[in-house]
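Q: Below is the file start37.txt, with compact mmCIF, C-alpha atoms and all ligand atoms.
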# COMPACT_ATOMS: atom_id res chain seq x y z
CA MET A 1 -1.72 1.49 38.17
CA SER A 2 -0.98 3.17 41.46
CA SER A 3 -1.34 0.92 44.50
CA THR A 4 -4.31 1.43 46.77
CA THR A 5 -5.15 0.70 50.36
CA GLN A 6 -8.31 -1.09 51.49
CA LEU A 7 -10.85 1.48 52.69
CA SER A 8 -14.45 1.52 53.73
CA SER A 9 -17.21 2.86 51.46
CA GLU A 10 -17.60 5.90 53.72
CA SER A 11 -14.08 6.99 52.97
CA ARG A 12 -13.45 9.66 50.38
CA SER A 13 -9.91 8.47 49.77
CA GLN A 14 -8.84 8.41 46.19
CA TYR A 15 -6.01 7.70 43.81
CA GLU A 16 -4.87 9.12 40.49
CA ALA A 17 -5.61 7.36 37.22
CA LYS A 18 -4.31 8.05 33.72
CA ALA A 19 -6.91 9.27 31.26
CA TYR A 20 -7.62 11.22 28.08
CA ALA A 21 -9.80 14.29 28.52
CA ALA A 22 -11.15 17.21 26.54
CA ALA A 23 -10.63 20.56 28.26
CA SER A 24 -13.36 22.30 26.26
CA ALA A 25 -15.77 21.73 23.35
CA GLU A 26 -13.08 22.96 20.96
CA SER A 27 -10.13 21.07 22.47
CA PRO A 28 -8.77 17.76 21.25
CA LEU A 29 -8.58 14.94 23.78
CA ALA A 30 -5.24 14.97 25.59
CA PRO A 31 -3.50 13.00 28.34
CA THR A 32 -4.32 13.93 31.92
CA MET A 33 -4.61 12.50 35.43
CA ILE A 34 -8.00 12.10 37.10
CA PRO A 35 -9.13 11.14 40.60
CA ARG A 36 -10.81 7.77 41.16
CA ARG A 37 -12.24 6.70 44.50
CA ASP A 38 -10.61 3.81 46.30
CA PRO A 39 -13.00 0.85 46.13
CA GLY A 40 -15.61 0.80 48.90
CA GLU A 41 -17.23 -2.36 50.20
CA HIS A 42 -19.66 -2.74 47.26
CA ASP A 43 -17.19 -1.59 44.60
CA VAL A 44 -15.19 -3.35 41.91
CA GLN A 45 -11.95 -1.79 40.71
CA ILE A 46 -11.18 -2.62 37.10
CA GLU A 47 -8.03 -2.22 35.02
CA ILE A 48 -9.44 -1.15 31.67
CA LEU A 49 -8.22 -3.24 28.72
CA PHE A 50 -10.44 -1.95 25.89
CA CYS A 51 -12.92 0.88 25.46
CA GLY A 52 -15.09 1.38 22.38
CA ILE A 53 -15.65 4.80 20.84
CA CYS A 54 -19.36 5.63 20.65
CA HIS A 55 -20.70 8.59 18.69
CA SER A 56 -22.21 9.74 22.02
CA ASP A 57 -18.62 10.30 23.22
CA LEU A 58 -18.12 12.72 20.34
CA HIS A 59 -21.51 14.45 20.84
CA THR A 60 -20.62 14.96 24.52
CA VAL A 61 -17.00 16.02 24.07
CA ARG A 62 -18.11 18.70 21.60
CA ASN A 63 -21.08 19.72 23.79
CA GLU A 64 -23.51 19.01 20.94
CA TRP A 65 -26.19 17.99 23.45
CA SER A 66 -25.84 21.23 25.42
CA ALA A 67 -29.63 21.75 25.63
CA ALA A 68 -30.39 18.38 27.27
CA MET A 69 -27.08 17.41 28.86
CA PRO A 70 -24.48 20.19 28.95
CA THR A 71 -20.93 18.92 29.14
CA VAL A 72 -18.80 19.65 32.19
CA TYR A 73 -15.08 19.93 31.47
CA PRO A 74 -12.65 18.32 31.68
CA CYS A 75 -14.61 15.51 30.03
CA VAL A 76 -13.32 11.92 29.98
CA PRO A 77 -15.69 9.95 27.74
CA GLY A 78 -16.00 6.19 27.20
CA HIS A 79 -18.81 3.81 28.15
CA GLU A 80 -17.95 0.60 26.32
CA ILE A 81 -15.53 -0.77 28.88
CA VAL A 82 -13.97 -4.20 29.22
CA GLY A 83 -11.22 -4.95 31.70
CA ARG A 84 -9.76 -7.09 34.44
CA VAL A 85 -10.82 -6.88 38.08
CA ILE A 86 -7.92 -5.82 40.28
CA LYS A 87 -9.66 -5.34 43.60
CA VAL A 88 -13.10 -5.89 45.11
CA GLY A 89 -14.76 -4.51 48.24
CA SER A 90 -15.57 -6.78 51.20
CA ALA A 91 -19.30 -7.07 50.31
CA VAL A 92 -18.74 -7.94 46.64
CA THR A 93 -19.89 -11.47 45.76
CA LYS A 94 -20.08 -11.67 41.94
CA PHE A 95 -16.47 -10.77 41.12
CA LYS A 96 -12.99 -11.50 42.33
CA SER A 97 -9.54 -10.27 41.40
CA GLY A 98 -8.48 -11.48 37.96
CA ASP A 99 -12.03 -11.82 36.54
CA ILE A 100 -12.89 -10.20 33.22
CA ALA A 101 -15.61 -7.60 33.75
CA ALA A 102 -17.42 -4.94 31.76
CA VAL A 103 -19.10 -1.59 32.35
CA GLY A 104 -21.54 0.21 30.08
CA CYS A 105 -23.27 3.58 30.17
CA MET A 106 -24.43 3.60 33.81
CA VAL A 107 -22.59 3.30 37.11
CA ASP A 108 -25.35 3.97 39.66
CA SER A 109 -29.08 4.54 40.24
CA ASP A 110 -31.24 4.95 43.35
CA GLY A 111 -32.26 1.28 43.42
CA ASN A 112 -35.66 2.08 45.00
CA CYS A 113 -37.86 3.72 42.40
CA ALA A 114 -40.36 1.94 40.17
CA GLU A 115 -37.88 1.94 37.27
CA CYS A 116 -35.09 0.35 39.32
CA GLN A 117 -37.52 -2.18 40.80
CA ALA A 118 -38.48 -3.11 37.24
CA SER A 119 -34.78 -3.58 36.33
CA LEU A 120 -34.97 -0.51 34.10
CA GLU A 121 -32.22 1.50 35.78
CA GLN A 122 -31.69 3.44 32.55
CA PHE A 123 -34.93 5.32 33.24
CA CYS A 124 -34.25 6.04 36.94
CA SER A 125 -34.31 9.80 37.50
CA HIS A 126 -31.26 9.43 39.76
CA MET A 127 -29.28 7.29 37.33
CA THR A 128 -25.57 8.15 37.15
CA LEU A 129 -24.00 7.97 33.72
CA THR A 130 -20.50 6.56 33.40
CA TYR A 131 -19.29 10.02 32.39
CA ASN A 132 -20.56 13.59 32.64
CA SER A 133 -22.94 12.87 35.56
CA PRO A 134 -22.57 14.32 39.07
CA ASP A 135 -20.12 12.11 41.01
CA ILE A 136 -21.70 11.45 44.42
CA HIS A 137 -18.42 10.06 45.80
CA LEU A 138 -15.77 12.59 44.83
CA GLY A 139 -17.77 15.62 43.70
CA GLY A 140 -17.44 17.03 40.20
CA VAL A 141 -18.53 14.71 37.41
CA THR A 142 -17.99 11.06 36.64
CA TYR A 143 -15.14 10.13 34.30
CA GLY A 144 -15.47 7.41 31.68
CA GLY A 145 -13.44 4.65 30.16
CA TYR A 146 -10.71 6.48 28.24
CA SER A 147 -8.61 5.70 31.29
CA ASP A 148 -6.45 2.97 32.76
CA SER A 149 -8.90 2.08 35.54
CA ILE A 150 -12.39 2.64 36.91
CA VAL A 151 -14.19 1.89 40.18
CA VAL A 152 -17.84 0.87 39.88
CA LYS A 153 -20.58 -0.42 42.16
CA GLU A 154 -20.91 -4.20 41.72
CA HIS A 155 -24.52 -4.05 40.50
CA PHE A 156 -23.38 -2.11 37.42
CA VAL A 157 -20.55 -4.47 36.50
CA LEU A 158 -21.26 -7.14 33.86
CA ARG A 159 -19.81 -10.52 32.97
CA VAL A 160 -18.36 -11.14 29.51
CA PRO A 161 -18.86 -14.65 28.05
CA SER A 162 -15.44 -16.32 27.90
CA ASN A 163 -15.64 -17.15 24.18
CA LEU A 164 -15.79 -13.49 23.12
CA ASN A 165 -12.75 -11.50 21.99
CA LEU A 166 -12.40 -8.59 24.42
CA ALA A 167 -11.59 -5.80 21.95
CA ARG A 168 -14.65 -6.81 19.95
CA ALA A 169 -16.86 -7.35 23.00
CA ALA A 170 -16.37 -3.84 24.40
CA PRO A 171 -18.87 -2.20 21.97
CA LEU A 172 -21.60 -4.57 23.14
CA LEU A 173 -21.78 -2.51 26.34
CA CYS A 174 -23.43 0.38 24.50
CA ALA A 175 -23.95 -0.37 20.80
CA GLY A 176 -25.04 -3.93 21.61
CA ILE A 177 -27.55 -3.21 24.37
CA THR A 178 -28.92 -0.04 22.72
CA THR A 179 -29.97 -2.06 19.68
CA TYR A 180 -30.91 -5.31 21.46
CA SER A 181 -33.26 -3.67 23.97
CA PRO A 182 -35.73 -1.96 21.58
CA MET A 183 -35.76 -4.98 19.29
CA ARG A 184 -36.79 -7.18 22.21
CA HIS A 185 -39.29 -4.60 23.42
CA TRP A 186 -40.99 -4.29 20.02
CA GLY A 187 -41.09 -8.02 19.39
CA VAL A 188 -38.45 -8.56 16.73
CA THR A 189 -38.61 -12.29 16.14
CA GLU A 190 -38.37 -14.83 13.36
CA GLY A 191 -39.85 -13.62 10.09
CA LYS A 192 -40.40 -9.98 11.09
CA LYS A 193 -39.33 -7.40 8.50
CA VAL A 194 -36.83 -5.12 10.22
CA GLY A 195 -35.11 -2.01 8.90
CA VAL A 196 -31.85 -0.61 10.24
CA VAL A 197 -31.10 2.99 9.30
CA GLY A 198 -27.40 3.94 9.32
CA LEU A 199 -24.66 1.31 9.19
CA GLY A 200 -22.36 2.68 11.89
CA GLY A 201 -21.40 1.30 15.29
CA LEU A 202 -24.98 0.86 16.50
CA GLY A 203 -26.37 -0.03 13.09
CA HIS A 204 -23.96 -2.88 12.42
CA MET A 205 -24.72 -4.39 15.85
CA ALA A 206 -28.44 -4.07 15.10
CA VAL A 207 -27.95 -6.03 11.86
CA LYS A 208 -26.10 -8.84 13.61
CA ILE A 209 -28.60 -9.05 16.47
CA ALA A 210 -31.72 -8.80 14.28
CA HIS A 211 -30.32 -11.51 12.02
CA ALA A 212 -29.63 -13.75 15.04
CA LEU A 213 -33.22 -13.13 16.24
CA GLY A 214 -34.40 -14.54 12.90
CA ALA A 215 -35.69 -11.32 11.34
CA TYR A 216 -35.59 -10.38 7.64
CA VAL A 217 -33.18 -7.45 7.80
CA ILE A 218 -32.92 -4.52 5.41
CA VAL A 219 -30.19 -1.92 5.85
CA PHE A 220 -30.72 1.70 4.80
CA THR A 221 -27.44 3.41 4.13
CA THR A 222 -26.21 6.64 2.59
CA SER A 223 -22.91 4.90 1.78
CA PRO A 224 -23.14 2.67 -1.32
CA ASN A 225 -19.68 1.29 -0.53
CA LYS A 226 -21.06 -0.40 2.62
CA LYS A 227 -23.42 -2.67 0.65
CA GLU A 228 -21.18 -5.76 0.59
CA ASP A 229 -20.40 -5.38 4.28
CA ALA A 230 -24.07 -5.05 5.18
CA LEU A 231 -24.82 -8.37 3.45
CA ARG A 232 -21.84 -10.03 5.11
CA LEU A 233 -22.97 -8.75 8.53
CA GLY A 234 -26.35 -10.46 8.09
CA ALA A 235 -28.59 -8.12 6.09
CA ASP A 236 -30.93 -9.75 3.58
CA GLU A 237 -31.17 -6.59 1.44
CA VAL A 238 -29.56 -3.18 1.26
CA VAL A 239 -31.33 0.04 0.24
CA ILE A 240 -29.39 3.15 -0.72
CA SER A 241 -31.57 5.64 1.13
CA ARG A 242 -30.94 8.52 -1.27
CA ASP A 243 -32.48 6.46 -4.12
CA THR A 244 -36.23 7.25 -4.07
CA ASP A 245 -37.17 4.33 -6.34
CA GLN A 246 -35.46 1.84 -4.03
CA MET A 247 -37.19 3.41 -1.01
CA ASN A 248 -40.65 3.35 -2.64
CA LYS A 249 -40.48 -0.38 -3.25
CA HIS A 250 -40.77 -0.95 0.50
CA LYS A 251 -43.66 1.40 1.26
CA GLY A 252 -45.98 0.12 4.02
CA SER A 253 -44.10 -3.12 4.62
CA PHE A 254 -41.92 -2.95 7.74
CA ASP A 255 -42.85 -4.30 11.18
CA PHE A 256 -40.06 -2.37 12.87
CA ILE A 257 -37.39 0.16 11.92
CA LEU A 258 -34.47 1.16 14.12
CA ASP A 259 -32.97 4.56 13.37
CA ALA A 260 -29.31 4.72 14.46
CA VAL A 261 -28.25 7.86 12.60
CA SER A 262 -26.11 10.44 14.38
CA ALA A 263 -26.81 13.44 12.12
CA GLU A 264 -29.78 15.41 10.81
CA HIS A 265 -31.95 13.47 8.30
CA ASP A 266 -35.58 13.09 7.20
CA ILE A 267 -37.33 10.47 9.34
CA ASN A 268 -40.66 10.73 7.48
CA SER A 269 -39.21 8.87 4.51
CA TYR A 270 -38.74 5.86 6.83
CA ILE A 271 -41.99 6.13 8.83
CA ARG A 272 -44.01 5.73 5.63
CA LEU A 273 -42.29 2.40 5.03
CA LEU A 274 -43.98 0.96 8.15
CA ARG A 275 -46.97 -1.36 7.86
CA ARG A 276 -50.13 -0.89 9.93
CA ASP A 277 -49.22 -0.61 13.63
CA GLY A 278 -45.53 -0.71 12.77
CA ASN A 279 -43.04 1.02 15.00
CA MET A 280 -39.98 3.12 14.33
CA THR A 281 -37.63 3.60 17.26
CA LEU A 282 -35.04 6.33 17.41
CA VAL A 283 -31.80 5.49 19.15
CA GLY A 284 -29.69 7.93 17.15
CA ALA A 285 -29.68 11.32 18.84
CA PRO A 286 -28.78 14.15 16.44
CA ALA A 287 -28.45 17.52 18.13
CA LYS A 288 -31.18 19.14 16.01
CA PRO A 289 -34.86 18.12 16.58
CA HIS A 290 -36.58 16.00 13.89
CA ALA A 291 -39.60 17.27 11.97
CA VAL A 292 -42.39 14.66 11.99
CA ALA A 293 -45.24 14.80 9.47
CA ALA A 294 -48.43 13.81 11.33
CA PHE A 295 -49.79 12.00 8.26
CA SER A 296 -46.78 9.70 8.09
CA LEU A 297 -47.97 8.26 11.43
CA ILE A 298 -51.75 8.70 11.03
CA PHE A 299 -52.38 6.73 7.85
CA LYS A 300 -51.25 3.38 9.25
CA ARG A 301 -51.58 3.98 13.02
CA CYS A 302 -47.81 3.83 13.26
CA SER A 303 -45.80 4.76 16.32
CA LEU A 304 -42.55 6.59 16.71
CA SER A 305 -40.61 6.03 19.90
CA GLY A 306 -37.20 6.32 21.48
CA SER A 307 -35.07 3.97 23.52
CA ASN A 308 -32.27 4.53 25.99
CA ILE A 309 -29.58 1.80 26.27
CA GLY A 310 -31.06 -1.04 28.41
CA GLY A 311 -31.26 -2.16 32.05
CA ILE A 312 -28.48 -4.07 33.79
CA ALA A 313 -30.28 -7.43 33.76
CA GLU A 314 -31.07 -7.00 30.07
CA THR A 315 -27.47 -6.00 29.36
CA GLN A 316 -26.31 -9.27 30.90
CA GLU A 317 -28.99 -11.12 28.90
CA MET A 318 -27.67 -9.44 25.71
CA LEU A 319 -24.05 -10.36 26.54
CA ASP A 320 -25.07 -13.98 27.11
CA PHE A 321 -27.10 -13.95 23.88
CA CYS A 322 -24.03 -12.64 22.03
CA GLY A 323 -21.90 -15.31 23.70
CA ARG A 324 -24.27 -18.07 22.55
CA ASN A 325 -24.46 -16.67 19.02
CA ASN A 326 -20.79 -15.65 18.82
CA ILE A 327 -21.70 -12.02 18.14
CA THR A 328 -19.17 -9.23 18.63
CA ALA A 329 -18.52 -5.90 16.94
CA ASP A 330 -16.35 -5.50 13.84
CA VAL A 331 -13.63 -3.29 15.26
CA GLU A 332 -10.60 -1.31 14.26
CA VAL A 333 -8.32 -1.45 17.30
CA ILE A 334 -6.44 1.81 17.86
CA PRO A 335 -4.01 3.19 20.43
CA ILE A 336 -5.44 6.03 22.51
CA GLN A 337 -3.02 8.44 20.82
CA LYS A 338 -5.17 8.10 17.65
CA VAL A 339 -8.43 9.06 19.34
CA ASN A 340 -8.74 12.54 17.81
CA GLU A 341 -8.13 11.14 14.32
CA ALA A 342 -10.77 8.48 15.05
CA TYR A 343 -13.31 11.19 15.93
CA GLU A 344 -12.73 12.91 12.58
CA ARG A 345 -13.25 9.60 10.78
CA LEU A 346 -16.42 8.94 12.79
CA LEU A 347 -17.81 12.21 11.48
CA LYS A 348 -17.19 11.04 7.92
CA SER A 349 -18.93 7.66 8.56
CA ASP A 350 -15.51 6.15 7.94
CA VAL A 351 -15.26 3.38 10.53
CA LYS A 352 -15.79 -0.34 10.04
CA TYR A 353 -17.62 -0.46 12.31
CA ARG A 354 -16.39 0.54 15.75
CA PHE A 355 -13.11 1.89 17.05
CA SER A 356 -11.92 -0.05 20.09
CA ILE A 357 -9.12 1.60 22.06
CA ASP A 358 -6.39 -0.73 23.29
CA MET A 359 -5.82 0.81 26.70
CA ALA A 360 -2.35 -0.75 27.04
CA SER A 361 -1.33 2.22 24.86
CA LEU A 362 -2.10 4.56 27.76
CA LYS A 363 0.63 2.98 29.89
CA SER A 364 3.35 4.46 27.67
CA GLN A 365 1.81 7.92 27.85
P1 LIG A 401 -21.72 6.13 14.04
O1 LIG A 401 -20.88 4.91 14.19
O2 LIG A 401 -21.07 7.41 13.69
O3 LIG A 401 -22.86 5.77 12.96
C1 LIG A 401 -23.79 6.69 12.52
C2 LIG A 401 -24.23 6.31 11.10
O4 LIG A 401 -25.25 7.25 10.70
C3 LIG A 401 -23.16 6.47 10.05
O5 LIG A 401 -22.32 5.38 9.93
C4 LIG A 401 -23.97 6.68 8.78
O6 LIG A 401 -24.41 5.43 8.27
C5 LIG A 401 -25.21 7.41 9.30
N1 LIG A 401 -25.10 8.85 9.01
C6 LIG A 401 -24.14 9.70 9.43
N2 LIG A 401 -24.36 10.96 8.98
C7 LIG A 401 -25.51 10.88 8.27
C8 LIG A 401 -26.31 11.83 7.57
N3 LIG A 401 -25.92 13.13 7.48
N4 LIG A 401 -27.45 11.42 6.96
C9 LIG A 401 -27.83 10.14 7.02
N5 LIG A 401 -27.10 9.17 7.67
C10 LIG A 401 -25.98 9.55 8.28
O7 LIG A 401 -22.54 6.41 15.37
P2 LIG A 401 -23.03 5.39 16.53
O8 LIG A 401 -21.98 5.32 17.56
O9 LIG A 401 -23.56 4.18 15.90
O10 LIG A 401 -24.21 6.25 17.18
C11 LIG A 401 -25.35 6.59 16.41
C12 LIG A 401 -26.24 7.53 17.20
O11 LIG A 401 -26.83 6.82 18.31
C13 LIG A 401 -25.51 8.72 17.82
O12 LIG A 401 -26.34 9.86 17.72
C14 LIG A 401 -25.36 8.30 19.27
O13 LIG A 401 -25.22 9.39 20.15
C15 LIG A 401 -26.65 7.58 19.49
N6 LIG A 401 -26.67 6.66 20.63
C16 LIG A 401 -27.83 6.56 21.34
C17 LIG A 401 -27.93 5.66 22.38
C18 LIG A 401 -29.22 5.49 23.10
O14 LIG A 401 -29.24 4.92 24.18
N7 LIG A 401 -30.31 5.93 22.53
C19 LIG A 401 -26.82 4.89 22.73
C20 LIG A 401 -25.67 5.02 21.98
C21 LIG A 401 -25.59 5.89 20.94
P3 LIG A 401 -24.42 5.15 6.67
O15 LIG A 401 -23.01 5.41 6.21
O16 LIG A 401 -24.81 3.72 6.59
O17 LIG A 401 -25.44 6.05 6.08
ZN ZN A 402 -22.71 4.82 23.51
Re-express the file's structure as structure tokens.
Ligand code: NAP
Ligand code: ZN
A:
Amino acid sequence: MSSTTQLSSESRSQYEAKAYAAASAESPLAPTMIPRRDPGEHDVQIEILFCGICHSDLHTVRNEWSAAMPTVYPCVPGHEIVGRVIKVGSAVTKFKSGDIAAVGCMVDSDGNCAECQASLEQFCSHMTLTYNSPDIHLGGVTYGGYSDSIVVKEHFVLRVPSNLNLARAAPLLCAGITTYSPMRHWGVTEGKKVGVVGLGGLGHMAVKIAHALGAYVIVFTTSPNKKEDALRLGADEVVISRDTDQMNKHKGSFDFILDAVSAEHDINSYIRLLRRDGNMTLVGAPAKPHAVAAFSLIFKRCSLSGSNIGGIAETQEMLDFCGRNNITADVEVIPIQKVNEAYERLLKSDVKYRFSIDMASLKSQ
């Protein structure tokens, strides 16, 4: 960590941080140096200890979402960040040097609009993503958590319950909140029949959280070898989604289904498993649009919706919920030098169930 001088928020002074970046959609991630702003009066500077690898990192690095969110290169991904506070601005009240702190998918929003006033910063039209958003401080785009440090406005910095292991807590900042928020919104409570489609990073968090909320949880997976794990993680049943007989048994019975699949698949085969007025929420964001059969929704007045991470207050609520219930991700901790290999394994659904990068490995780079 390079040393910094105390500067006001108006200053554009900056320092260099170590990071891993992709230079283009075809390039592997490689070591680089990036600018970070010196902390202003409302900022918290964090030494990053762990950063989870989300499939959104891979979609962005490879510019798979070019239609909605084209990637600007170099791209430094990473939005499941846990670290230690090393400096705070003069107006910061919630954090002090030495505290453990976390950052998720957002680092700013306008604070004034109806969405921000409702604590739904994720829907603010001026929301700044942790990476690949215009950087209002330094120009260019924001750089994410595959780095040794980050500087973030206090409002967007979260507290991690002290009983949680930090490598395992990092994925809560995206996978945790992205699954917790729609389940709370759609009333997942005790006794509700809940489906989780895709047992990856998001899916396995959804299973743990739905189970802790008291739901009856059924996992839909394309990977028969994940069955034992799904049950261990808290599922009550597992359905191999390519087996039509197994799927048919559940027709018209689900209150809520969360789809956390990263690749193209048929969503109609899940919608028809909903009961009257049931809801299916998409959090998975494959590059190619889904085809929706109108009748799959019409016959039981079902709804299909989407959900984007969660607001800051709700993210803190989720972290505290996970603290109380001792919920963290199942992780494979890797050094940053293995990140490209990890991406290839992510594409093969070969991760149990989240990679968490130990950022100490970046020091030796
Ligand atoms: P992940 O760990 O790679 O998990 C995706 C899972 O989808 C896989 O484990 C696999 O589960 C299933 N899957 C993969 N390919 C499939 C295929 N061809 N057909 C059917 N199922 C397939 O990814 P993740 O990090 O959990 O992210 C999942 C998706 O959510 C990504 O698209 C990501 O960008 C998106 N996301 C959205 C938000 C949001 O706010 N909405 C936030 C974060 C991430 P099985 O082996 O069990 O079948
Ligand atoms: Zn994510």
Q: Mind dumping a table of every chain A residue within 6 Å of ligand LIG 401 (chain A), with the nearest atom pair and its distance in Å to one decimal, using all atoms listed in the file, sorted by chain and rising number, as JSON lines?
A:
{"residue": "A:Cys54", "atom": "CA", "partner": "A:LIG401", "partner_atom": "O8", "distance": 4.1}
{"residue": "A:His55", "atom": "CA", "partner": "A:LIG401", "partner_atom": "O8", "distance": 3.7}
{"residue": "A:Ser56", "atom": "CA", "partner": "A:LIG401", "partner_atom": "O13", "distance": 3.6}
{"residue": "A:Cys174", "atom": "CA", "partner": "A:LIG401", "partner_atom": "C20", "distance": 5.7}
{"residue": "A:Ala175", "atom": "CA", "partner": "A:LIG401", "partner_atom": "C20", "distance": 5.8}
{"residue": "A:Thr178", "atom": "CA", "partner": "A:LIG401", "partner_atom": "O14", "distance": 5.2}
{"residue": "A:Gly198", "atom": "CA", "partner": "A:LIG401", "partner_atom": "O6", "distance": 3.5}
{"residue": "A:Leu199", "atom": "CA", "partner": "A:LIG401", "partner_atom": "O16", "distance": 3.5}
{"residue": "A:Gly200", "atom": "CA", "partner": "A:LIG401", "partner_atom": "O3", "distance": 3.3}
{"residue": "A:Gly201", "atom": "CA", "partner": "A:LIG401", "partner_atom": "O9", "distance": 3.7}
{"residue": "A:Leu202", "atom": "CA", "partner": "A:LIG401", "partner_atom": "O9", "distance": 3.7}
{"residue": "A:Gly203", "atom": "CA", "partner": "A:LIG401", "partner_atom": "O9", "distance": 5.8}
{"residue": "A:Thr221", "atom": "CA", "partner": "A:LIG401", "partner_atom": "O16", "distance": 3.6}
{"residue": "A:Thr222", "atom": "CA", "partner": "A:LIG401", "partner_atom": "O17", "distance": 3.6}
{"residue": "A:Ser223", "atom": "CA", "partner": "A:LIG401", "partner_atom": "O15", "distance": 4.5}
{"residue": "A:Ala260", "atom": "CA", "partner": "A:LIG401", "partner_atom": "C11", "distance": 4.8}
{"residue": "A:Val261", "atom": "CA", "partner": "A:LIG401", "partner_atom": "O4", "distance": 3.6}
{"residue": "A:Ser262", "atom": "CA", "partner": "A:LIG401", "partner_atom": "O12", "distance": 3.4}
{"residue": "A:Ala263", "atom": "CA", "partner": "A:LIG401", "partner_atom": "N2", "distance": 4.7}
{"residue": "A:Glu264", "atom": "CA", "partner": "A:LIG401", "partner_atom": "N3", "distance": 5.6}
{"residue": "A:His265", "atom": "CA", "partner": "A:LIG401", "partner_atom": "N4", "distance": 5.1}
{"residue": "A:Val283", "atom": "CA", "partner": "A:LIG401", "partner_atom": "N7", "distance": 3.7}
{"residue": "A:Gly284", "atom": "CA", "partner": "A:LIG401", "partner_atom": "O11", "distance": 3.3}
{"residue": "A:Ala285", "atom": "CA", "partner": "A:LIG401", "partner_atom": "O12", "distance": 3.8}
{"residue": "A:Pro286", "atom": "CA", "partner": "A:LIG401", "partner_atom": "O12", "distance": 5.1}
{"residue": "A:Ser307", "atom": "CA", "partner": "A:LIG401", "partner_atom": "N7", "distance": 5.2}
{"residue": "A:Asn308", "atom": "CA", "partner": "A:LIG401", "partner_atom": "O14", "distance": 3.6}
{"residue": "A:Ile309", "atom": "CA", "partner": "A:LIG401", "partner_atom": "O14", "distance": 3.8}
{"residue": "A:Leu346", "atom": "CA", "partner": "A:LIG401", "partner_atom": "O2", "distance": 5.0}
{"residue": "A:Ser349", "atom": "CA", "partner": "A:LIG401", "partner_atom": "O5", "distance": 4.3}
Q: Using only C-alpha atoms, give me every residue within 8 Å of (-30.8, 3.0, 40.1) in file coordinates, as a VMD selection string.
A: chain A and resid 108 to 113 115 to 116 121 to 122 124 126 to 128
Q: Can you tell me, as JSON, numbers by chain, what residues are no more than 12 Å from Glu237 (chain A) when counting only C-alpha atoms, ignoring any on the same chain fewer than 4 positions away?
A: {"A": [193, 194, 195, 196, 207, 211, 215, 216, 217, 218, 219, 220, 221, 226, 227, 228, 229, 230, 231, 232, 233, 246, 247, 250]}
Q: Considering only C-alpha atoms, can you say which of A:Asn132, A:Ser13, A:Ser90, A:Ser162 comes closest to Gly145 (chain A)?
A: A:Asn132
Q: Skipping near chain neighbours, those fewer than 5 positions away, what residues fall within 9 Å of Arg62 (chain A) using all atoms listed in the file, listed as a ChimeraX atom specification?
A: /A:22,24-27,57,71
Q: Hey, can you check how far CA of Gly252 (chain A) sits from CA of Gly278 (chain A)?
A: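 These atoms are spaced 8.8 Å apart.
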Q: Which residue is closest to ligand ZN 402 (chain A)? Choose from A:Leu297, A:Val152, A:Leu172, A:Ala17 and count all atoms listed in the file.
A: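 The closest residue to ligand ZN 402 (chain A) is A:Leu172.
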Q: Tell me which of A:Asp266, A:Trp186, A:Leu29, A:Gly310 sits closest to ligand ZN 402 (chain A), counting all atoms listed in the file.
A: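 Smallest distance to ligand ZN 402 (chain A) is found for A:Gly310.
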Q: Expressed in Å to a single decimal, how great is the separation between CA of Gly144 (chain A) and CA of Ala23 (chain A)?
A: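 Answer for the CA of Gly144 (chain A) to CA of Ala23 (chain A) separation: 14.4 Å.
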Q: Within 6 Å of (-21.9, -6.6, 48.9) (coordinates as in the file), grab all the protein and nucleic acid residues, counting all atoms listed in the file, and write them out as a PyMOL selection string.
A: chain A and resi 42+91-92
Q: Can you take region 242-249 of chain A from the block and write N, CA and C atoms as a tab-separated table (two decimals), in the first residue's frame?
A:
chain	number	residue	atom	x	y	z
A	242	ARG	N	-33.17	-31.72	-16.18
A	242	ARG	CA	-33.28	-32.32	-17.52
A	242	ARG	C	-34.17	-33.55	-17.51
A	243	ASP	N	-34.68	-33.96	-16.33
A	243	ASP	CA	-35.53	-35.14	-16.21
A	243	ASP	C	-37.00	-34.67	-16.18
A	244	THR	N	-37.69	-34.85	-17.30
A	244	THR	CA	-39.06	-34.32	-17.45
A	244	THR	C	-40.02	-34.91	-16.42
A	245	ASP	N	-39.88	-36.19	-16.11
A	245	ASP	CA	-40.78	-36.81	-15.12
A	245	ASP	C	-40.63	-36.13	-13.76
A	246	GLN	N	-39.38	-35.90	-13.36
A	246	GLN	CA	-39.15	-35.24	-12.07
A	246	GLN	C	-39.74	-33.83	-12.07
A	247	MET	N	-39.61	-33.14	-13.19
A	247	MET	CA	-40.14	-31.76	-13.30
A	247	MET	C	-41.68	-31.79	-13.19
A	248	ASN	N	-42.32	-32.70	-13.91
A	248	ASN	CA	-43.78	-32.75	-13.98
A	248	ASN	C	-44.43	-32.98	-12.62
A	249	LYS	N	-43.73	-33.67	-11.75
A	249	LYS	CA	-44.28	-33.95	-10.42
A	249	LYS	C	-44.61	-32.66	-9.64
